[in-house]
$ cat run.txt   # compact mmCIF, C-alpha atoms
# COMPACT_ATOMS: atom_id res chain seq x y z
CA MET A 159 0.00 0.00 0.00
CA LYS A 160 1.32 3.43 -0.94
CA LEU A 161 0.89 6.20 1.60
CA SER A 162 1.94 9.84 1.33
CA HIS A 163 5.19 10.67 -0.43
CA LEU A 164 6.52 12.00 2.87
CA SER A 165 5.75 8.86 4.86
CA GLU A 166 7.11 6.62 2.11
CA THR A 167 10.40 8.53 1.90
CA LEU A 168 10.96 9.78 5.46
CA ILE A 169 13.49 7.91 7.59
CA GLY A 170 13.00 7.86 11.35
CA SER A 171 15.68 9.44 13.52
CA GLU A 172 18.70 7.14 13.31
CA ILE A 173 20.08 8.14 16.69
CA VAL A 174 16.72 7.57 18.41
CA LYS A 175 16.50 4.13 16.78
CA LEU A 176 20.05 3.26 17.84
CA GLY A 177 19.39 4.53 21.36
CA GLY A 178 16.32 2.30 21.62
CA GLU A 179 18.29 -0.73 20.48
CA ILE A 180 21.01 -0.06 23.06
CA ARG A 181 18.45 0.39 25.87
CA GLU A 182 16.91 -2.97 24.95
CA LYS A 183 20.33 -4.65 25.16
CA ILE A 184 20.90 -3.06 28.58
CA ARG A 185 17.45 -4.26 29.69
CA GLU A 186 18.49 -7.76 28.66
CA GLY A 187 21.45 -7.54 31.01
CA GLN A 188 24.31 -6.52 28.74
CA ARG A 189 26.83 -4.12 30.26
CA ILE A 190 26.99 -1.16 27.90
CA TYR A 191 27.99 2.46 28.39
CA ASN A 192 25.28 4.23 26.40
CA PHE A 193 26.59 7.36 24.65
CA THR A 194 24.06 7.33 21.81
CA VAL A 195 21.45 9.89 22.89
CA GLY A 196 22.06 13.10 24.86
CA ASP A 197 20.25 11.82 27.93
CA PHE A 198 21.12 11.48 31.62
CA ASP A 199 20.58 8.54 33.92
CA PRO A 200 18.33 10.03 36.64
CA ALA A 201 19.81 7.61 39.17
CA ILE A 202 23.13 9.40 38.67
CA PHE A 203 22.00 12.83 37.48
CA PRO A 204 18.58 13.65 38.97
CA ILE A 205 16.93 16.93 38.09
CA PRO A 206 17.46 19.76 40.59
CA LYS A 207 15.59 19.02 43.81
CA GLU A 208 14.07 22.51 43.80
CA LEU A 209 12.66 21.93 40.33
CA GLU A 210 11.31 18.54 41.34
CA ASN A 211 9.58 20.08 44.35
CA GLU A 212 8.03 22.81 42.20
CA ILE A 213 6.69 20.22 39.75
CA ILE A 214 5.13 18.20 42.59
CA GLU A 215 3.55 21.30 44.10
CA ALA A 216 2.18 22.36 40.70
CA TYR A 217 0.39 19.03 40.31
CA LYS A 218 -0.89 19.25 43.88
CA ASP A 219 -2.28 22.68 42.96
CA HIS A 220 -4.09 20.99 40.04
CA PHE A 221 -2.29 22.73 37.20
CA THR A 222 -3.38 20.01 34.79
CA ASN A 223 -5.35 21.94 32.17
CA TYR A 224 -4.21 23.30 28.80
CA PRO A 225 -1.43 25.90 28.93
CA ALA A 226 -1.41 29.00 26.72
CA ALA A 227 -0.54 28.14 23.12
CA GLU A 228 2.56 30.37 23.18
CA GLY A 229 3.53 29.28 26.70
CA ASN A 230 2.20 30.64 29.97
CA LEU A 231 2.92 34.31 30.51
CA ASP A 232 4.60 33.74 33.89
CA LEU A 233 7.06 31.32 32.28
CA ARG A 234 7.81 33.59 29.35
CA GLU A 235 8.40 36.47 31.76
CA ALA A 236 10.74 34.27 33.81
CA ILE A 237 12.61 33.32 30.64
CA THR A 238 13.07 37.00 29.70
CA VAL A 239 14.78 37.65 33.03
CA PHE A 240 16.81 34.44 32.83
CA LEU A 241 18.01 35.27 29.30
CA LYS A 242 18.99 38.80 30.29
CA GLU A 243 20.96 37.75 33.37
CA MET A 244 22.54 34.56 32.03
CA GLU A 245 23.14 35.42 28.37
CA GLY A 246 22.78 39.17 28.00
CA LEU A 247 19.92 38.68 25.53
CA ASP A 248 16.97 41.04 25.75
CA TYR A 249 13.76 39.39 24.50
CA GLY A 250 10.24 40.26 25.59
CA PRO A 251 7.46 37.74 26.28
CA ASN A 252 5.96 38.27 22.80
CA GLU A 253 9.30 37.24 21.27
CA ILE A 254 9.39 33.90 23.13
CA LEU A 255 7.58 30.68 22.27
CA VAL A 256 7.40 27.71 24.64
CA ALA A 257 6.95 24.09 23.57
CA SER A 258 7.61 20.54 24.77
CA GLY A 259 11.37 20.67 24.28
CA GLY A 260 13.45 21.79 21.33
CA ARG A 261 12.21 19.40 18.63
CA PRO A 262 8.74 20.88 18.05
CA LEU A 263 10.31 24.32 17.93
CA ILE A 264 12.87 23.26 15.32
CA TYR A 265 10.07 21.69 13.29
CA ALA A 266 8.08 24.91 13.57
CA VAL A 267 11.08 26.99 12.42
CA PHE A 268 11.44 24.91 9.26
CA ARG A 269 7.69 25.00 8.61
CA ALA A 270 7.38 28.74 9.25
CA ILE A 271 10.33 29.79 7.07
CA CYS A 272 10.89 27.20 4.34
CA ASP A 273 8.87 26.40 1.24
CA LYS A 274 9.28 23.44 -1.06
CA ARG A 275 12.61 23.56 -2.96
CA ASP A 276 14.02 26.30 -0.69
CA LYS A 277 17.72 25.92 0.01
CA VAL A 278 18.59 24.90 3.58
CA ILE A 279 22.25 25.05 4.62
CA TYR A 280 23.43 22.83 7.46
CA ALA A 281 26.58 21.12 8.68
CA VAL A 282 27.41 17.45 8.39
CA PRO A 283 27.54 15.90 10.83
CA SER A 284 24.72 17.62 12.67
CA TRP A 285 21.52 16.57 14.39
CA ASN A 286 18.50 15.77 12.20
CA ASN A 287 18.69 18.82 9.92
CA ASN A 288 18.55 16.49 6.92
CA HIS A 289 15.22 15.10 8.13
CA TYR A 290 13.68 18.49 8.87
CA THR A 291 14.74 19.65 5.41
CA HIS A 292 13.04 16.57 3.98
CA PHE A 293 9.87 17.41 5.94
CA VAL A 294 9.52 20.71 4.06
CA GLY A 295 10.77 19.40 0.71
CA GLY A 296 13.76 21.72 0.80
CA GLN A 297 17.02 21.55 -1.11
CA HIS A 298 19.77 20.00 1.01
CA VAL A 299 22.96 22.07 1.10
CA GLU A 300 25.42 20.13 3.24
CA VAL A 301 28.58 21.83 4.50
CA GLU A 302 31.23 19.51 5.88
CA ALA A 303 32.35 20.24 9.43
CA LYS A 304 36.08 19.65 9.14
CA LEU A 305 38.83 18.94 11.65
CA GLU A 306 40.68 22.14 10.75
CA ASN A 307 37.54 24.12 11.64
CA ASN A 308 37.08 22.40 14.99
CA PHE A 309 34.36 20.23 13.40
CA MET A 310 32.17 23.32 12.90
CA PRO A 311 30.85 24.74 9.62
CA ALA A 312 33.01 27.56 8.29
CA ALA A 313 31.94 30.84 6.69
CA ALA A 314 34.18 30.16 3.68
CA ASP A 315 32.30 26.91 2.99
CA ILE A 316 28.88 28.51 3.51
CA ARG A 317 29.53 31.60 1.36
CA PRO A 318 29.10 29.93 -2.07
CA HIS A 319 25.59 28.77 -1.10
CA VAL A 320 23.97 31.80 0.57
CA LYS A 321 22.55 33.28 -2.63
CA ASP A 322 18.86 32.39 -2.67
CA ALA A 323 19.16 30.25 0.48
CA THR A 324 16.31 30.53 2.97
CA LEU A 325 17.71 29.02 6.18
CA ILE A 326 21.07 28.27 7.77
CA ALA A 327 20.74 25.76 10.60
CA LEU A 328 23.57 26.02 13.14
CA CYS A 329 24.18 24.38 16.49
CA SER A 330 26.74 25.30 19.16
CA PRO A 331 27.94 23.38 21.07
CA GLN A 332 27.54 21.15 18.05
CA ASN A 333 25.53 17.95 18.25
CA PRO A 334 27.10 15.40 17.86
CA THR A 335 30.71 16.67 17.88
CA GLY A 336 30.50 18.67 21.13
CA THR A 337 32.65 21.44 19.67
CA THR A 338 31.81 25.16 19.67
CA PHE A 339 32.12 28.14 17.35
CA ARG A 340 35.16 30.31 17.62
CA LYS A 341 34.16 33.94 17.92
CA ALA A 342 35.67 35.08 14.62
CA GLU A 343 34.07 32.23 12.69
CA LEU A 344 30.57 32.89 14.00
CA GLU A 345 31.02 36.60 13.36
CA ALA A 346 31.97 35.81 9.77
CA ILE A 347 28.83 33.69 9.29
CA CYS A 348 26.67 36.46 10.77
CA ASP A 349 28.26 38.94 8.38
CA LEU A 350 27.39 36.65 5.48
CA VAL A 351 23.74 36.65 6.53
CA LEU A 352 23.65 40.42 6.96
CA GLU A 353 25.36 41.03 3.62
CA GLU A 354 23.03 38.68 1.79
CA ASN A 355 19.89 40.17 3.32
CA LYS A 356 21.12 43.66 2.46
CA ARG A 357 21.57 42.52 -1.15
CA ARG A 358 18.01 41.19 -1.36
CA GLY A 359 15.19 43.55 -2.18
CA GLU A 360 12.33 44.42 0.14
CA SER A 361 10.00 41.97 -1.57
CA GLU A 362 12.46 39.06 -1.45
CA LYS A 363 12.38 36.38 1.18
CA LYS A 364 15.13 36.91 3.75
CA LEU A 365 17.83 34.49 4.85
CA TYR A 366 17.27 33.32 8.43
CA LEU A 367 19.61 31.67 10.91
CA MET A 368 18.36 29.01 13.29
CA TYR A 369 20.73 28.80 16.26
CA ASP A 370 20.35 25.68 18.37
CA GLN A 371 22.19 26.31 21.65
CA MET A 372 20.69 23.49 23.68
CA TYR A 373 24.07 22.61 25.26
CA TRP A 374 25.42 26.13 25.73
CA HIS A 375 25.63 25.94 29.54
CA LEU A 376 27.74 22.78 29.31
CA THR A 377 31.07 24.27 28.24
CA TYR A 378 34.32 23.68 30.09
CA GLY A 379 37.71 25.22 30.82
CA ASP A 380 38.38 28.39 28.84
CA ILE A 381 35.81 27.55 26.15
CA LYS A 382 33.30 30.37 25.76
CA HIS A 383 29.88 30.13 24.16
CA TYR A 384 29.09 32.77 21.53
CA ASP A 385 25.74 33.59 19.97
CA PRO A 386 24.76 35.62 16.87
CA VAL A 387 22.84 38.53 18.41
CA ASN A 388 25.41 39.32 21.09
CA LEU A 389 28.11 39.35 18.41
CA ARG A 390 26.10 41.21 15.77
CA PRO A 391 23.01 43.02 17.18
CA ALA A 392 21.65 43.45 13.62
CA MET A 393 21.23 39.65 13.52
CA ARG A 394 18.29 39.97 15.92
CA GLU A 395 15.97 40.44 12.93
CA TYR A 396 17.10 37.17 11.31
CA THR A 397 17.97 34.81 14.21
CA ILE A 398 15.73 32.20 15.83
CA TYR A 399 17.21 30.59 18.94
CA ILE A 400 16.38 27.10 20.22
CA ASP A 401 16.92 26.35 23.91
CA ALA A 402 15.46 24.29 26.76
CA ILE A 403 15.95 22.94 30.25
CA SER A 404 16.63 19.48 28.78
CA LYS A 405 20.42 19.43 28.96
CA VAL A 406 21.34 22.19 31.40
CA PHE A 407 19.18 20.75 34.20
CA ALA A 408 19.37 17.05 33.19
CA SER A 409 15.64 17.35 32.51
CA THR A 410 15.29 15.64 29.15
CA GLY A 411 11.96 14.04 30.10
CA VAL A 412 10.44 17.14 31.71
CA ARG A 413 9.87 18.64 28.23
CA VAL A 414 10.07 22.41 28.53
CA GLY A 415 11.83 24.28 25.73
CA TRP A 416 11.71 27.76 24.27
CA SER A 417 12.54 29.66 21.13
CA MET A 418 13.18 33.38 20.86
CA GLY A 419 13.29 35.55 17.80
CA PRO A 420 11.37 38.15 15.80
CA SER A 421 7.77 38.36 17.03
CA THR A 422 6.46 37.92 13.48
CA VAL A 423 8.25 34.58 13.17
CA MET A 424 7.26 33.51 16.68
CA SER A 425 3.59 34.16 15.93
CA LYS A 426 3.74 31.99 12.80
CA MET A 427 5.52 29.21 14.69
CA LYS A 428 2.86 29.46 17.39
CA ALA A 429 0.10 29.07 14.80
CA ILE A 430 1.78 25.93 13.44
CA LEU A 431 2.16 24.39 16.89
CA THR A 432 -1.50 25.07 17.76
CA HIS A 433 -2.30 22.38 15.18
CA VAL A 434 0.42 20.04 16.44
CA GLY A 435 -0.39 20.48 20.14
CA ALA A 436 3.24 20.11 21.22
CA TRP A 437 2.82 22.23 24.35
CA ALA A 438 4.95 21.84 27.43
CA PRO A 439 2.73 20.44 30.22
CA MET A 440 1.00 23.05 32.38
CA ALA A 441 2.44 21.85 35.70
CA GLU A 442 5.99 21.74 34.35
CA GLN A 443 5.61 25.25 32.94
CA LYS A 444 4.44 26.55 36.33
CA ALA A 445 7.35 24.80 38.02
CA VAL A 446 10.01 26.09 35.63
CA ALA A 447 8.61 29.63 35.90
CA LYS A 448 9.35 29.56 39.63
CA PHE A 449 12.60 27.61 39.41
CA LEU A 450 14.29 30.00 36.96
CA PHE A 451 14.28 32.70 39.65
CA GLN A 452 16.11 30.46 42.15
CA ARG A 453 19.57 31.61 41.12
CA GLU A 454 21.50 30.13 44.06
CA ALA A 455 19.90 26.72 43.53
CA ILE A 456 20.76 26.91 39.83
CA LYS A 457 24.34 27.97 40.55
CA LYS A 458 24.82 25.15 43.06
CA PHE A 459 23.31 22.55 40.73
CA LEU A 460 25.42 23.59 37.75
CA ALA A 461 28.65 23.59 39.75
CA HIS A 462 28.11 19.97 40.81
CA PHE A 463 26.52 18.79 37.55
CA LYS A 464 29.23 20.22 35.29
CA SER A 465 32.09 18.93 37.44
CA GLU A 466 30.65 15.41 37.37
CA ILE A 467 30.18 15.52 33.60
CA GLU A 468 33.66 16.93 33.05
CA GLN A 469 35.19 14.11 35.10
CA ARG A 470 33.45 11.55 32.90
CA LEU A 471 34.43 13.36 29.72
CA ARG A 472 38.07 13.31 30.76
CA GLU A 473 37.90 9.59 31.59
CA ILE A 474 36.39 8.86 28.19
CA TYR A 475 39.05 10.99 26.50
CA ASN A 476 41.85 9.25 28.43
CA GLY A 477 40.39 5.88 27.49
CA PHE A 478 40.37 6.74 23.80
CA MET A 479 43.93 8.04 24.03
CA LYS A 480 44.94 4.75 25.65
CA LEU A 481 43.31 2.85 22.79
CA ARG A 482 45.11 5.07 20.30
CA SER A 483 48.51 4.52 21.87
CA ILE A 484 47.98 0.73 21.94
CA TRP A 485 46.94 0.79 18.29
CA LEU A 486 49.97 2.84 17.25
CA GLU A 487 52.36 0.57 19.15
CA LYS A 488 50.91 -2.64 17.74
CA PRO A 489 47.99 -2.80 15.29
CA LEU A 490 45.21 -4.91 16.76
CA LYS A 491 43.25 -7.65 15.11
CA MET A 492 39.58 -6.81 15.02
CA GLU A 493 38.63 -9.85 17.09
CA ASN A 494 40.76 -8.54 19.98
CA CYS A 495 39.23 -5.06 20.11
CA SER A 496 36.35 -6.06 22.38
CA SER A 497 38.76 -7.10 25.13
CA ILE A 498 40.22 -3.60 25.58
CA LYS A 499 38.79 -1.77 28.57
CA VAL A 500 38.36 1.93 27.94
CA MET A 501 37.12 2.88 31.39
$ encode --input "run.txt" --output "structure tokens"
Amino acid sequence: MKLSHLSETLIGSEIVKLGGEIREKIREGQRIYNFTVGDFDPAIFPIPKELENEIIEAYKDHFTNYPAAEGNLDLREAITVFLKEMEGLDYGPNEILVASGGRPLIYAVFRAICDKRDKVIYAVPSWNNNHYTHFVGGQHVEVEAKLENNFMPAAADIRPHVKDATLIALCSPQNPTGTTFRKAELEAICDLVLEENKRRGESEKKLYLMYDQMYWHLTYGDIKHYDPVNLRPAMREYTIYIDAISKVFASTGVRVGWSMGPSTVMSKMKAILTHVGAWAPMAEQKAVAKFLFQREAIKKFLAHFKSEIEQRLREIYNGFMKLRSIWLEKPLKMENCSSIKVM
């Protein structure tokens, strides 16, 4: 039986499929360190206790009805303050859209901005941009994220494709490489967008930048997170941010995310999501609205959370370096590789 062209040609998320297969093997008793999906074992990394308490209280207070389609006002107001204090970004409640995590928001960005056959520029590897481009029937413009560019897309590689492009999809820290934009490189990409939009006439569709910064709190050492609008204020008109509590508070299953950008784009994304119904649950929205003002609790949680993650990252790195040194000293036969202990 033939179904729609989309359903017949769409491939499910490969990483979600792989993650499910690994979880099933773990359930069967196999000992596996699961690094497939950006998730946290709640037995090791529980959500902040203060957030948990607020969620429980919200359910006790019977916040179980529909939330506002754009996100509850108290949450959007809390996000405005949080963004200003934590990131130096000044967005009002009407420039913020709340949904059940980042994925519905990314979907809404593609749907709101892209038409069939529009050019979408994205890095390879990167998370699911190929599938979202397929959803809208867009033209795939893949830019290789190379070692010499810290596994991030470079302005020089993007430049040949910006003419007539509709969307550039960026992510920093990059999923799945974990690397971040250097300041000069992100500035150069922003300048490309501004130059191209200046070239286009008033009646022409503009080039937008989707900036997924889901992991931005989780940077280490002297690595600094940069974003388009702080680097180039004129980018405010063309940038749509994607963010959430999922990674920063180990709250992947709590499902509260937000996007901020031009109010005209946010209103169109809102209209799309009213038909999808991908709202963050009412109780969780009420809880996050209160939790975002608890700065000391957030500071304490992040200090512990980030140190624990960094320790594991270093152990993984050291393990891979040990594997590398063994390989360079004496090439291994494939059948012996499973006996090497990384951790």
$ closest_atom_pairs --input "run.txt" --of "range 359-447 of chain A" --to "range 315-330 of chain A" --cutoff "12 Å" --atoms "only C-alpha atoms" --output "CSV"
residue,atom,partner,partner_atom,distance
A:Gly359,CA,A:Asp322,CA,11.8
A:Glu362,CA,A:Asp322,CA,9.3
A:Lys363,CA,A:Thr324,CA,7.3
A:Lys364,CA,A:Thr324,CA,6.5
A:Leu365,CA,A:Thr324,CA,4.6
A:Tyr366,CA,A:Leu325,CA,4.9
A:Leu367,CA,A:Ile326,CA,4.9
A:Met368,CA,A:Ala327,CA,4.8
A:Tyr369,CA,A:Leu328,CA,5.1
A:Asp370,CA,A:Cys329,CA,4.5
A:Gln371,CA,A:Ser330,CA,5.3
A:Met372,CA,A:Ser330,CA,7.8
A:Tyr373,CA,A:Ser330,CA,7.2
A:Trp374,CA,A:Ser330,CA,6.8
A:His375,CA,A:Ser330,CA,10.5
A:Leu376,CA,A:Ser330,CA,10.5
A:Thr377,CA,A:Ser330,CA,10.1
A:Ile381,CA,A:Ser330,CA,11.7
A:Lys382,CA,A:Ser330,CA,10.6
A:His383,CA,A:Ser330,CA,7.6
A:Tyr384,CA,A:Ser330,CA,8.2
A:Asp385,CA,A:Ser330,CA,8.4
A:Pro386,CA,A:Leu328,CA,10.4
A:Tyr396,CA,A:Leu325,CA,9.6
A:Thr397,CA,A:Ile326,CA,9.7
A:Ile398,CA,A:Ala327,CA,9.7
A:Tyr399,CA,A:Cys329,CA,9.7
A:Ile400,CA,A:Cys329,CA,9.1
A:Asp401,CA,A:Cys329,CA,10.6
$ closest_atom_pairs --input "run.txt" --of "range 271-336 of chain A" --to "range 179-200 of chain A" --cutoff "12 Å" --atoms "all atoms listed in the file" --output "tab-separated table"
residue	atom	partner	partner_atom	distance
A:Trp285	CA	A:Val195	CA	10.8
A:Gln332	CA	A:Gly196	CA	11.9
A:Asn333	CA	A:Gly196	CA	8.9
A:Pro334	CA	A:Gly196	CA	8.9
A:Thr335	CA	A:Gly196	CA	11.7
A:Gly336	CA	A:Gly196	CA	10.8
$ closest_residue --input "run.txt" --among "A:Ala455, A:Ala227, A:Leu241, A:Ala303" --to "Ser284 in chain A" --atoms "only C-alpha atoms"
A:Ala303
$ closest_residue --input "run.txt" --among "A:Ile213, A:Leu168, A:Val282, A:Val414" --to "Ala438 in chain A" --atoms "all atoms listed in the file"
A:Val414
$ closest_residue --input "run.txt" --among "A:Ala445, A:Ile271, A:Met427, A:Ala461" --to "Val256 in chain A" --atoms "only C-alpha atoms"
A:Met427
$ atom_distance --input "run.txt" --atom1 "CA of Val423 in chain A" --atom2 "CA of Glu395 in chain A"
9.7 Å
$ residues_around --input "run.txt" --residues "Cys272 in chain A" --least-positions-apart "6" --cutoff "9 Å" --atoms "all atoms listed in the file" --output "list in words"
Val278, Thr291, Val294, Gly295, Gly296, Thr324 and Leu325 of chain A
$ atom_distance --input "run.txt" --atom1 "CA of Phe221 in chain A" --atom2 "CA of Val412 in chain A"
14.9 Å
$ atom_distance --input "run.txt" --atom1 "CA of Thr338 in chain A" --atom2 "CA of Leu305 in chain A"
12.3 Å
$ residues_around --input "run.txt" --residues "Leu450 in chain A" --least-positions-apart "2" --cutoff "9 Å" --atoms "only C-alpha atoms" --output "MDAnalysis selection string"
chainID A and resid 209 233 236:237 239:240 445:448 452:453 456
$ closest_residue --input "run.txt" --among "A:Glu215, A:Gln443, A:Met424, A:Asn252" --to "Ala270 in chain A" --atoms "all atoms listed in the file"
A:Met424
$ closest_residue --input "run.txt" --among "A:Lys274, A:Lys175, A:Gly259, A:Phe203" --to "Leu460 in chain A" --atoms "only C-alpha atoms"
A:Phe203
$ closest_residue --input "run.txt" --among "A:Arg470, A:Lys405, A:Arg340, A:Lys426" --to "Leu389 in chain A" --atoms "only C-alpha atoms"
A:Arg340
